[in-house]
Amino acid sequence: MALTQQLARVTPQYLTQCRAAAAVSPDGNPDWDPPAGDTVDLDWAIWGLIGFCQRMRIEDPCIQVLTRSISGDSDGVEFLDHPGVYDGFDAPPAVLAPAVVAEVARELSALDVGEILSGLSVDPLTAAEACGFRGFNGHPREYLVEHFGLLQSFYLIAGRRGLAVLTWTD
């Protein structure tokens, strides 16, 4: 079973609705079902990008914003601690409030993934190892760039729409 990084953008009202549903449900089911267009599966790309930044000792602000974007700010949204939401392998989903989402979106927009990856080896095996990717087929640059672009776009849209972002591993 492969673990992947999941994100969902939702309104604060939707979170309130899910909290209320979980409170009255016999099994705590929050009726979690955000629109497919407001969810993204980042696979394990951002974890690899963070690992690469750490190994290359790239500036902490880069690592901090990447980590925050996939880890959230809370210890977990307890009413979403339900098998209908995630598999329970890791902590329950965490949330970033709309104002924080806008801040993270600005910080992600300021990052240049090409510059970040400028030290990535041209050798596919060495590059994959630098990202912590064992058994990766091919060179990871395109994979990292594509998923970083998804992350940036996801947050940009969430920030513009005033949405919260939930993060979890599934």
# chains A, B, ... in the order shown; residues from 1 in each chain; ligands from 1
call {"tool": "select_by_dssp", "arguments": {"residues": "chain A", "states": "alpha helix (DSSP H)", "output": "PyMOL selection string"}}
result
chain A and resi 12-24+45-56+60-71+98-109+113-116+124-130+141-161
call {"tool": "residues_around", "arguments": {"residues": "A:His82", "least_positions_apart": "5", "cutoff": "8 Å", "atoms": "only C-alpha atoms", "output": "ChimeraX atom specification"}}
result
/A:28-30,88
call {"tool": "write_last_selection", "arguments": {"atoms": "C-alpha atoms", "output": "short mmCIF file (atom, residue, chain, number, x, y, z; two decimals), in the first residue's frame"}}
result
data_model
loop_
_atom_site.label_atom_id
_atom_site.label_comp_id
_atom_site.auth_asym_id
_atom_site.auth_seq_id
_atom_site.Cartn_x
_atom_site.Cartn_y
_atom_site.Cartn_z
CA GLY A 28 -19.06 9.85 14.17
CA ASN A 29 -19.39 9.94 10.39
CA PRO A 30 -18.81 13.55 9.27
CA GLY A 88 -5.95 6.00 9.95
#
call {"tool": "closest_residue", "arguments": {"among": "A:Arg19, A:Arg141, A:Arg9, A:Arg57", "to": "A:Asp31", "atoms": "only C-alpha atoms"}}
result
A:Arg19
call {"tool": "closest_residue", "arguments": {"among": "A:Val100, A:Gln6, A:Ala110, A:Ala130", "to": "A:Arg160", "atoms": "only C-alpha atoms"}}
result
A:Val100
call {"tool": "select_by_dssp", "arguments": {"residues": "stretch 20-149 of chain A", "states": "strand (DSSP E)", "output": "ChimeraX atom specification"}}
result
/A:39-41,94-96
call {"tool": "write_last_selection", "arguments": {"atoms": "N, CA and C atoms", "output": "mmCIF file, in the first residue's frame"}}
result
data_model
loop_
_atom_site.group_PDB
_atom_site.id
_atom_site.type_symbol
_atom_site.label_atom_id
_atom_site.label_comp_id
_atom_site.auth_asym_id
_atom_site.auth_seq_id
_atom_site.Cartn_x
_atom_site.Cartn_y
_atom_site.Cartn_z
ATOM 1 N N THR A 39 -10.067 18.670 -4.583
ATOM 2 C CA THR A 39 -9.136 17.762 -3.922
ATOM 3 C C THR A 39 -7.952 17.513 -4.859
ATOM 4 N N VAL A 40 -6.831 17.156 -4.267
ATOM 5 C CA VAL A 40 -5.661 16.814 -5.073
ATOM 6 C C VAL A 40 -4.860 15.750 -4.334
ATOM 7 N N ASP A 41 -4.348 14.815 -5.104
ATOM 8 C CA ASP A 41 -3.447 13.781 -4.600
ATOM 9 C C ASP A 41 -2.055 14.152 -5.104
ATOM 10 N N ALA A 94 -5.368 17.679 9.065
ATOM 11 C CA ALA A 94 -5.083 18.959 9.711
ATOM 12 C C ALA A 94 -5.596 20.058 8.791
ATOM 13 N N VAL A 95 -5.768 21.244 9.344
ATOM 14 C CA VAL A 95 -6.396 22.313 8.568
ATOM 15 C C VAL A 95 -5.546 23.578 8.598
ATOM 16 N N LEU A 96 -5.631 24.310 7.518
ATOM 17 C CA LEU A 96 -5.109 25.671 7.429
ATOM 18 C C LEU A 96 -6.312 26.578 7.193
#
call {"tool": "closest_atom_pairs", "arguments": {"of": "stretch 9-113 of chain A", "to": "stretch 152-155 of chain A", "cutoff": "9 Å", "atoms": "only C-alpha atoms", "output": "tab-separated table"}}
result
residue	atom	partner	partner_atom	distance
A:Arg9	CA	A:Phe154	CA	8.2
A:Asp38	CA	A:Phe154	CA	8.1
A:Thr39	CA	A:Phe154	CA	8.5
A:Val40	CA	A:Phe154	CA	7.8
A:Ser69	CA	A:Tyr155	CA	8.4
A:Val101	CA	A:Tyr155	CA	6.6
A:Ala102	CA	A:Tyr155	CA	7.4
A:Val104	CA	A:Tyr155	CA	7.2
A:Ala105	CA	A:Tyr155	CA	4.9
A:Arg106	CA	A:Tyr155	CA	8.6
A:Leu108	CA	A:Gln152	CA	5.8
A:Ser109	CA	A:Gln152	CA	6.3
call {"tool": "write_last_selection", "arguments": {"atoms": "N, CA and C atoms", "output": "mmCIF file, in the first residue's frame"}}
result
data_model
loop_
_atom_site.group_PDB
_atom_site.id
_atom_site.type_symbol
_atom_site.label_atom_id
_atom_site.label_comp_id
_atom_site.auth_asym_id
_atom_site.auth_seq_id
_atom_site.Cartn_x
_atom_site.Cartn_y
_atom_site.Cartn_z
ATOM 1 N N ARG A 9 -9.743 21.523 -0.470
ATOM 2 C CA ARG A 9 -10.096 22.909 -0.128
ATOM 3 C C ARG A 9 -11.602 22.967 0.072
ATOM 4 N N ASP A 38 -11.990 20.002 -5.923
ATOM 5 C CA ASP A 38 -11.355 20.702 -4.816
ATOM 6 C C ASP A 38 -10.481 19.778 -3.978
ATOM 7 N N THR A 39 -10.067 18.670 -4.583
ATOM 8 C CA THR A 39 -9.136 17.762 -3.922
ATOM 9 C C THR A 39 -7.952 17.513 -4.859
ATOM 10 N N VAL A 40 -6.831 17.156 -4.267
ATOM 11 C CA VAL A 40 -5.661 16.814 -5.073
ATOM 12 C C VAL A 40 -4.860 15.750 -4.334
ATOM 13 N N SER A 69 2.453 23.600 3.958
ATOM 14 C CA SER A 69 1.420 23.399 2.938
ATOM 15 C C SER A 69 0.858 21.984 2.936
ATOM 16 N N VAL A 101 -4.141 30.111 4.400
ATOM 17 C CA VAL A 101 -4.066 29.580 3.039
ATOM 18 C C VAL A 101 -3.600 30.669 2.077
ATOM 19 N N ALA A 102 -4.138 31.862 2.220
ATOM 20 C CA ALA A 102 -3.729 32.977 1.358
ATOM 21 C C ALA A 102 -2.243 33.289 1.553
ATOM 22 N N VAL A 104 0.127 31.136 2.640
ATOM 23 C CA VAL A 104 0.891 30.020 2.068
ATOM 24 C C VAL A 104 0.901 30.122 0.541
ATOM 25 N N ALA A 105 -0.228 30.503 -0.042
ATOM 26 C CA ALA A 105 -0.298 30.667 -1.496
ATOM 27 C C ALA A 105 0.712 31.702 -1.972
ATOM 28 N N ARG A 106 0.806 32.837 -1.260
ATOM 29 C CA ARG A 106 1.788 33.871 -1.632
ATOM 30 C C ARG A 106 3.218 33.341 -1.502
ATOM 31 N N LEU A 108 4.239 30.179 -1.597
ATOM 32 C CA LEU A 108 4.499 29.174 -2.632
ATOM 33 C C LEU A 108 4.723 29.833 -3.984
ATOM 34 N N SER A 109 3.969 30.892 -4.267
ATOM 35 C CA SER A 109 4.124 31.607 -5.538
ATOM 36 C C SER A 109 5.506 32.240 -5.670
#
call {"tool": "residues_around", "arguments": {"residues": "A:His147", "least_positions_apart": "3", "cutoff": "12 Å", "atoms": "only C-alpha atoms", "output": "MDAnalysis selection string"}}
result
chainID A and resid 5:6 40:49 66 113 140:144 150:154
call {"tool": "residues_around", "arguments": {"residues": "A:Ser71", "least_positions_apart": "4", "cutoff": "8 Å", "atoms": "only C-alpha atoms", "output": "list in words"}}
result
Thr67, Ala94, Thr167 and Trp168 of chain A
call {"tool": "closest_residue", "arguments": {"among": "A:Asp170, A:Cys18, A:Trp32, A:Leu7", "to": "A:Ala91", "atoms": "only C-alpha atoms"}}
result
A:Asp170
call {"tool": "atom_distance", "arguments": {"atom1": "atom CA of A:His139", "atom2": "atom CA of A:Gly51"}}
result
15.8 Å
call {"tool": "closest_residue", "arguments": {"among": "A:Ala158, A:Leu15, A:Gly132, A:Asp123", "to": "A:Glu78", "atoms": "only C-alpha atoms"}}
result
A:Leu15
call {"tool": "closest_residue", "arguments": {"among": "A:Pro83, A:Gly72, A:Gly138, A:Ala22", "to": "A:Thr126", "atoms": "only C-alpha atoms"}}
result
A:Gly138
